[in-house]
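upload-v2.txt, holding compact mmCIF, N, CA and C atoms:
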# COMPACT_ATOMS: atom_id res chain seq x y z
N MET Q 168 14.84 -18.78 -54.60
CA MET Q 168 14.65 -17.65 -53.72
C MET Q 168 14.64 -16.38 -54.56
N LYS Q 169 13.66 -15.56 -54.39
CA LYS Q 169 13.56 -14.32 -55.13
C LYS Q 169 14.04 -13.17 -54.26
N MET Q 170 14.90 -12.34 -54.83
CA MET Q 170 15.43 -11.20 -54.09
C MET Q 170 14.46 -10.03 -54.20
N ALA Q 171 14.32 -9.33 -53.12
CA ALA Q 171 13.49 -8.13 -53.12
C ALA Q 171 14.22 -7.02 -53.87
N GLY Q 172 13.51 -6.04 -54.31
CA GLY Q 172 14.12 -4.91 -55.00
C GLY Q 172 15.07 -4.16 -54.09
N SER Q 173 15.92 -3.39 -54.70
CA SER Q 173 16.91 -2.62 -53.96
C SER Q 173 16.24 -1.65 -53.00
N THR Q 174 16.82 -1.54 -51.83
CA THR Q 174 16.34 -0.56 -50.85
C THR Q 174 17.05 0.76 -51.03
N GLY Q 175 18.07 0.76 -51.90
CA GLY Q 175 18.84 1.97 -52.10
C GLY Q 175 19.84 2.22 -50.99
N CYS Q 176 20.02 1.26 -50.11
CA CYS Q 176 20.94 1.46 -49.00
C CYS Q 176 22.34 1.03 -49.39
N ALA Q 177 23.28 1.46 -48.63
CA ALA Q 177 24.67 1.07 -48.85
C ALA Q 177 25.26 0.68 -47.51
N MET Q 178 26.23 -0.22 -47.54
CA MET Q 178 26.92 -0.64 -46.33
C MET Q 178 28.15 0.25 -46.20
N ALA Q 179 28.26 0.95 -45.11
CA ALA Q 179 29.42 1.81 -44.88
C ALA Q 179 30.34 1.14 -43.87
N VAL Q 180 31.60 1.11 -44.20
CA VAL Q 180 32.62 0.60 -43.29
C VAL Q 180 33.75 1.60 -43.28
N ILE Q 181 34.59 1.50 -42.30
CA ILE Q 181 35.72 2.42 -42.22
C ILE Q 181 36.53 2.30 -43.50
N GLY Q 182 36.68 3.39 -44.19
CA GLY Q 182 37.48 3.41 -45.41
C GLY Q 182 36.72 3.08 -46.68
N GLY Q 183 35.39 2.93 -46.62
CA GLY Q 183 34.69 2.62 -47.85
C GLY Q 183 33.20 2.51 -47.69
N VAL Q 184 32.53 2.55 -48.82
CA VAL Q 184 31.08 2.36 -48.89
C VAL Q 184 30.83 1.37 -50.00
N PHE Q 185 29.94 0.42 -49.76
CA PHE Q 185 29.62 -0.60 -50.76
C PHE Q 185 28.17 -0.44 -51.19
N ASP Q 186 27.92 -0.60 -52.49
CA ASP Q 186 26.56 -0.53 -53.00
C ASP Q 186 25.84 -1.86 -52.72
N ASP Q 187 24.58 -1.95 -53.15
CA ASP Q 187 23.77 -3.14 -52.86
C ASP Q 187 24.40 -4.42 -53.39
N SER Q 188 24.89 -4.41 -54.63
CA SER Q 188 25.43 -5.65 -55.21
C SER Q 188 26.73 -6.05 -54.52
N SER Q 189 27.55 -5.08 -54.15
CA SER Q 189 28.79 -5.39 -53.43
C SER Q 189 28.49 -5.91 -52.03
N THR Q 190 27.49 -5.31 -51.39
CA THR Q 190 27.08 -5.76 -50.06
C THR Q 190 26.59 -7.20 -50.11
N LYS Q 191 25.79 -7.54 -51.13
CA LYS Q 191 25.31 -8.91 -51.29
C LYS Q 191 26.48 -9.85 -51.54
N PHE Q 192 27.41 -9.45 -52.41
CA PHE Q 192 28.58 -10.27 -52.71
C PHE Q 192 29.39 -10.54 -51.44
N LEU Q 193 29.66 -9.50 -50.65
CA LEU Q 193 30.43 -9.67 -49.42
C LEU Q 193 29.69 -10.54 -48.42
N GLY Q 194 28.37 -10.37 -48.33
CA GLY Q 194 27.57 -11.23 -47.45
C GLY Q 194 27.61 -12.68 -47.89
N ASP Q 195 27.51 -12.91 -49.20
CA ASP Q 195 27.60 -14.28 -49.73
C ASP Q 195 28.97 -14.88 -49.45
N ALA Q 196 30.02 -14.07 -49.60
CA ALA Q 196 31.38 -14.57 -49.32
C ALA Q 196 31.54 -14.89 -47.84
N PHE Q 197 31.01 -14.04 -46.96
CA PHE Q 197 31.06 -14.29 -45.53
C PHE Q 197 30.31 -15.57 -45.18
N ASP Q 198 29.12 -15.75 -45.75
CA ASP Q 198 28.36 -16.98 -45.52
C ASP Q 198 29.14 -18.20 -46.02
N ALA Q 199 29.84 -18.06 -47.14
CA ALA Q 199 30.64 -19.16 -47.68
C ALA Q 199 31.79 -19.50 -46.73
N VAL Q 200 32.42 -18.47 -46.15
CA VAL Q 200 33.49 -18.72 -45.17
C VAL Q 200 32.94 -19.54 -44.01
N LEU Q 201 31.82 -19.10 -43.46
CA LEU Q 201 31.23 -19.83 -42.33
C LEU Q 201 30.83 -21.24 -42.73
N GLY Q 202 30.30 -21.40 -43.94
CA GLY Q 202 29.94 -22.73 -44.41
C GLY Q 202 31.15 -23.64 -44.53
N MET Q 203 32.25 -23.10 -45.02
CA MET Q 203 33.48 -23.89 -45.15
C MET Q 203 34.05 -24.25 -43.79
N LEU Q 204 33.74 -23.44 -42.78
CA LEU Q 204 34.18 -23.73 -41.42
C LEU Q 204 33.14 -24.55 -40.65
N HIS Q 205 32.12 -25.00 -41.35
CA HIS Q 205 31.08 -25.88 -40.80
C HIS Q 205 30.26 -25.26 -39.69
N GLY Q 206 29.79 -24.05 -39.91
CA GLY Q 206 28.83 -23.53 -38.95
C GLY Q 206 29.01 -22.08 -38.58
N THR Q 207 28.10 -21.65 -37.73
CA THR Q 207 28.06 -20.26 -37.29
C THR Q 207 28.22 -20.15 -35.78
N HIS Q 208 28.75 -21.18 -35.15
CA HIS Q 208 28.83 -21.24 -33.69
C HIS Q 208 30.08 -20.56 -33.12
N TYR Q 209 30.65 -19.64 -33.86
CA TYR Q 209 31.88 -18.98 -33.42
C TYR Q 209 31.54 -17.73 -32.61
N PRO Q 210 32.40 -17.37 -31.65
CA PRO Q 210 32.17 -16.15 -30.87
C PRO Q 210 32.14 -14.91 -31.78
N ASP Q 211 31.50 -13.86 -31.29
CA ASP Q 211 31.37 -12.64 -32.06
C ASP Q 211 32.72 -12.10 -32.53
N GLY Q 212 33.74 -12.18 -31.69
CA GLY Q 212 35.07 -11.68 -32.06
C GLY Q 212 35.66 -12.40 -33.26
N VAL Q 213 35.45 -13.71 -33.32
CA VAL Q 213 35.94 -14.50 -34.45
C VAL Q 213 35.15 -14.14 -35.70
N ARG Q 214 33.84 -14.05 -35.57
CA ARG Q 214 33.00 -13.69 -36.72
C ARG Q 214 33.37 -12.29 -37.23
N GLU Q 215 33.64 -11.37 -36.32
CA GLU Q 215 34.03 -10.02 -36.71
C GLU Q 215 35.37 -10.02 -37.45
N ALA Q 216 36.32 -10.81 -36.96
CA ALA Q 216 37.63 -10.90 -37.62
C ALA Q 216 37.47 -11.48 -39.02
N LEU Q 217 36.64 -12.51 -39.16
CA LEU Q 217 36.39 -13.09 -40.48
C LEU Q 217 35.71 -12.07 -41.41
N ALA Q 218 34.72 -11.35 -40.88
CA ALA Q 218 34.03 -10.34 -41.68
C ALA Q 218 35.00 -9.25 -42.12
N ASP Q 219 35.87 -8.81 -41.21
CA ASP Q 219 36.87 -7.80 -41.56
C ASP Q 219 37.76 -8.28 -42.69
N ARG Q 220 38.16 -9.55 -42.64
CA ARG Q 220 39.04 -10.09 -43.69
C ARG Q 220 38.29 -10.19 -45.02
N VAL Q 221 37.01 -10.59 -44.98
CA VAL Q 221 36.22 -10.65 -46.21
C VAL Q 221 36.11 -9.25 -46.82
N ILE Q 222 35.84 -8.25 -46.00
CA ILE Q 222 35.72 -6.88 -46.49
C ILE Q 222 37.06 -6.40 -47.06
N GLU Q 223 38.14 -6.69 -46.36
CA GLU Q 223 39.47 -6.30 -46.84
C GLU Q 223 39.75 -6.92 -48.22
N PHE Q 224 39.50 -8.21 -48.34
CA PHE Q 224 39.73 -8.89 -49.62
C PHE Q 224 38.78 -8.37 -50.69
N GLY Q 225 37.53 -8.13 -50.33
CA GLY Q 225 36.55 -7.62 -51.28
C GLY Q 225 36.93 -6.24 -51.81
N ARG Q 226 37.59 -5.48 -50.98
CA ARG Q 226 38.01 -4.13 -51.35
C ARG Q 226 39.27 -4.13 -52.21
N THR Q 227 40.12 -5.14 -52.04
CA THR Q 227 41.44 -5.12 -52.68
C THR Q 227 41.63 -6.10 -53.83
N THR Q 228 40.60 -6.83 -54.18
CA THR Q 228 40.71 -7.80 -55.26
C THR Q 228 39.59 -7.60 -56.28
N SER Q 229 39.82 -8.08 -57.46
CA SER Q 229 38.77 -8.01 -58.49
C SER Q 229 37.91 -9.28 -58.51
N GLU Q 230 38.18 -10.21 -57.60
CA GLU Q 230 37.42 -11.47 -57.54
C GLU Q 230 35.95 -11.17 -57.29
N ARG Q 231 35.06 -11.78 -58.09
CA ARG Q 231 33.63 -11.57 -57.91
C ARG Q 231 32.88 -12.87 -57.67
N ASP Q 232 33.60 -13.94 -57.39
CA ASP Q 232 32.97 -15.22 -57.05
C ASP Q 232 33.08 -15.39 -55.54
N PRO Q 233 31.95 -15.43 -54.82
CA PRO Q 233 32.00 -15.52 -53.36
C PRO Q 233 32.74 -16.75 -52.84
N GLN Q 234 32.61 -17.88 -53.53
CA GLN Q 234 33.28 -19.10 -53.08
C GLN Q 234 34.80 -18.96 -53.20
N ARG Q 235 35.27 -18.41 -54.31
CA ARG Q 235 36.72 -18.22 -54.49
C ARG Q 235 37.27 -17.19 -53.51
N LEU Q 236 36.50 -16.12 -53.27
CA LEU Q 236 36.93 -15.12 -52.29
C LEU Q 236 37.00 -15.75 -50.91
N ALA Q 237 36.02 -16.57 -50.56
CA ALA Q 237 36.01 -17.23 -49.25
C ALA Q 237 37.23 -18.14 -49.10
N ARG Q 238 37.56 -18.90 -50.15
CA ARG Q 238 38.75 -19.76 -50.08
C ARG Q 238 40.02 -18.94 -49.92
N ALA Q 239 40.09 -17.79 -50.59
CA ALA Q 239 41.27 -16.92 -50.46
C ALA Q 239 41.38 -16.36 -49.05
N VAL Q 240 40.25 -15.98 -48.47
CA VAL Q 240 40.24 -15.47 -47.10
C VAL Q 240 40.76 -16.54 -46.15
N LEU Q 241 40.23 -17.75 -46.27
CA LEU Q 241 40.65 -18.82 -45.37
C LEU Q 241 42.11 -19.20 -45.60
N ALA Q 242 42.56 -19.21 -46.85
CA ALA Q 242 43.97 -19.50 -47.14
C ALA Q 242 44.87 -18.46 -46.51
N SER Q 243 44.42 -17.20 -46.48
CA SER Q 243 45.23 -16.15 -45.86
C SER Q 243 45.38 -16.34 -44.36
N LEU Q 244 44.49 -17.13 -43.80
CA LEU Q 244 44.53 -17.45 -42.36
C LEU Q 244 45.21 -18.79 -42.11
N GLY Q 245 45.76 -19.39 -43.16
CA GLY Q 245 46.45 -20.68 -43.03
C GLY Q 245 45.53 -21.88 -43.04
N ILE Q 246 44.28 -21.70 -43.46
CA ILE Q 246 43.32 -22.80 -43.51
C ILE Q 246 43.22 -23.26 -44.96
N LYS Q 247 43.57 -24.50 -45.23
CA LYS Q 247 43.59 -25.03 -46.60
C LYS Q 247 42.33 -25.84 -46.88
N PHE Q 248 41.85 -25.73 -48.13
CA PHE Q 248 40.71 -26.53 -48.59
C PHE Q 248 41.05 -27.21 -49.87

I need this file expressed as structure tokens, please.
Amino acid sequence: MKMAGSTGCAMAVIGGVFDDSSTKFLGDAFDAVLGMLHGTHYPDGVREALADRVIEFGRTTSERDPQRLARAVLASLGIKF
């Protein structure tokens, strides 16, 4: 899969702004969380809570591997892999 060039956009969330590479990293980590939970069939509230936790961890850790960040997010919720 080839990535398109940067749009120059940034993802803004309460308390922070993420550049393109950070936004991609957080999106990849969120996708990894959903993959580890076997799907995307969760209600919006659950998906939002998971996304909030991914963003929180992405903001407070130096981890740059989406899979490891996803495992840390799930472990923080008491889900072991």

Next on the checklist: Could you pull out the strand (DSSP E or B) residues of chain Q, going by DSSP on the backbone, and write them as a ChimeraX atom specification?
Outcome noted: /Q:178-180,183-185

Checklist entry - In Å to one decimal, how far is atom CA of Ser189 of chain Q from atom CA of Arg214 of chain Q? => result 19.1 Å

Next on the checklist: Which residue is closest to Ala237 of chain Q? Choose from Q:Ser188, Q:Asp195, Q:Val200, Q:His205 and count only C-alpha atoms.
Outcome noted: Q:Val200

Checklist entry - Within 12 Å of (38.4, -4.1, -52.0), in the coordinates the file gives, what residues turn up when you count only C-alpha atoms, written out as a count of residues only? => result 23

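Reported to one decimal place, the separation of atom CA of Ile246 of chain Q from atom CA of Lys191 of chain Q is 24.0 Å.
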
Checklist entry - So which bits of chain Q end up alpha helix (DSSP H) when you DSSP the backbone, as a ChimeraX atom specification? => result /Q:187-203,211-227,233-243

Checklist entry - Do you have the atom CA of Lys247 of chain Q-atom C of Asp187 of chain Q distance handy? => result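 Spanning atom CA of Lys247 of chain Q to atom C of Asp187 of chain Q is a straight-line distance of 29.0 Å.
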
Checklist entry - What lies within 12 Å of Arg238 of chain Q using only C-alpha atoms, ignoring chain neighbours under 4 positions off, as number ranges by chain? => result Q: 196-204, 217, 220-221, 224, 230, 232-234, 242-248
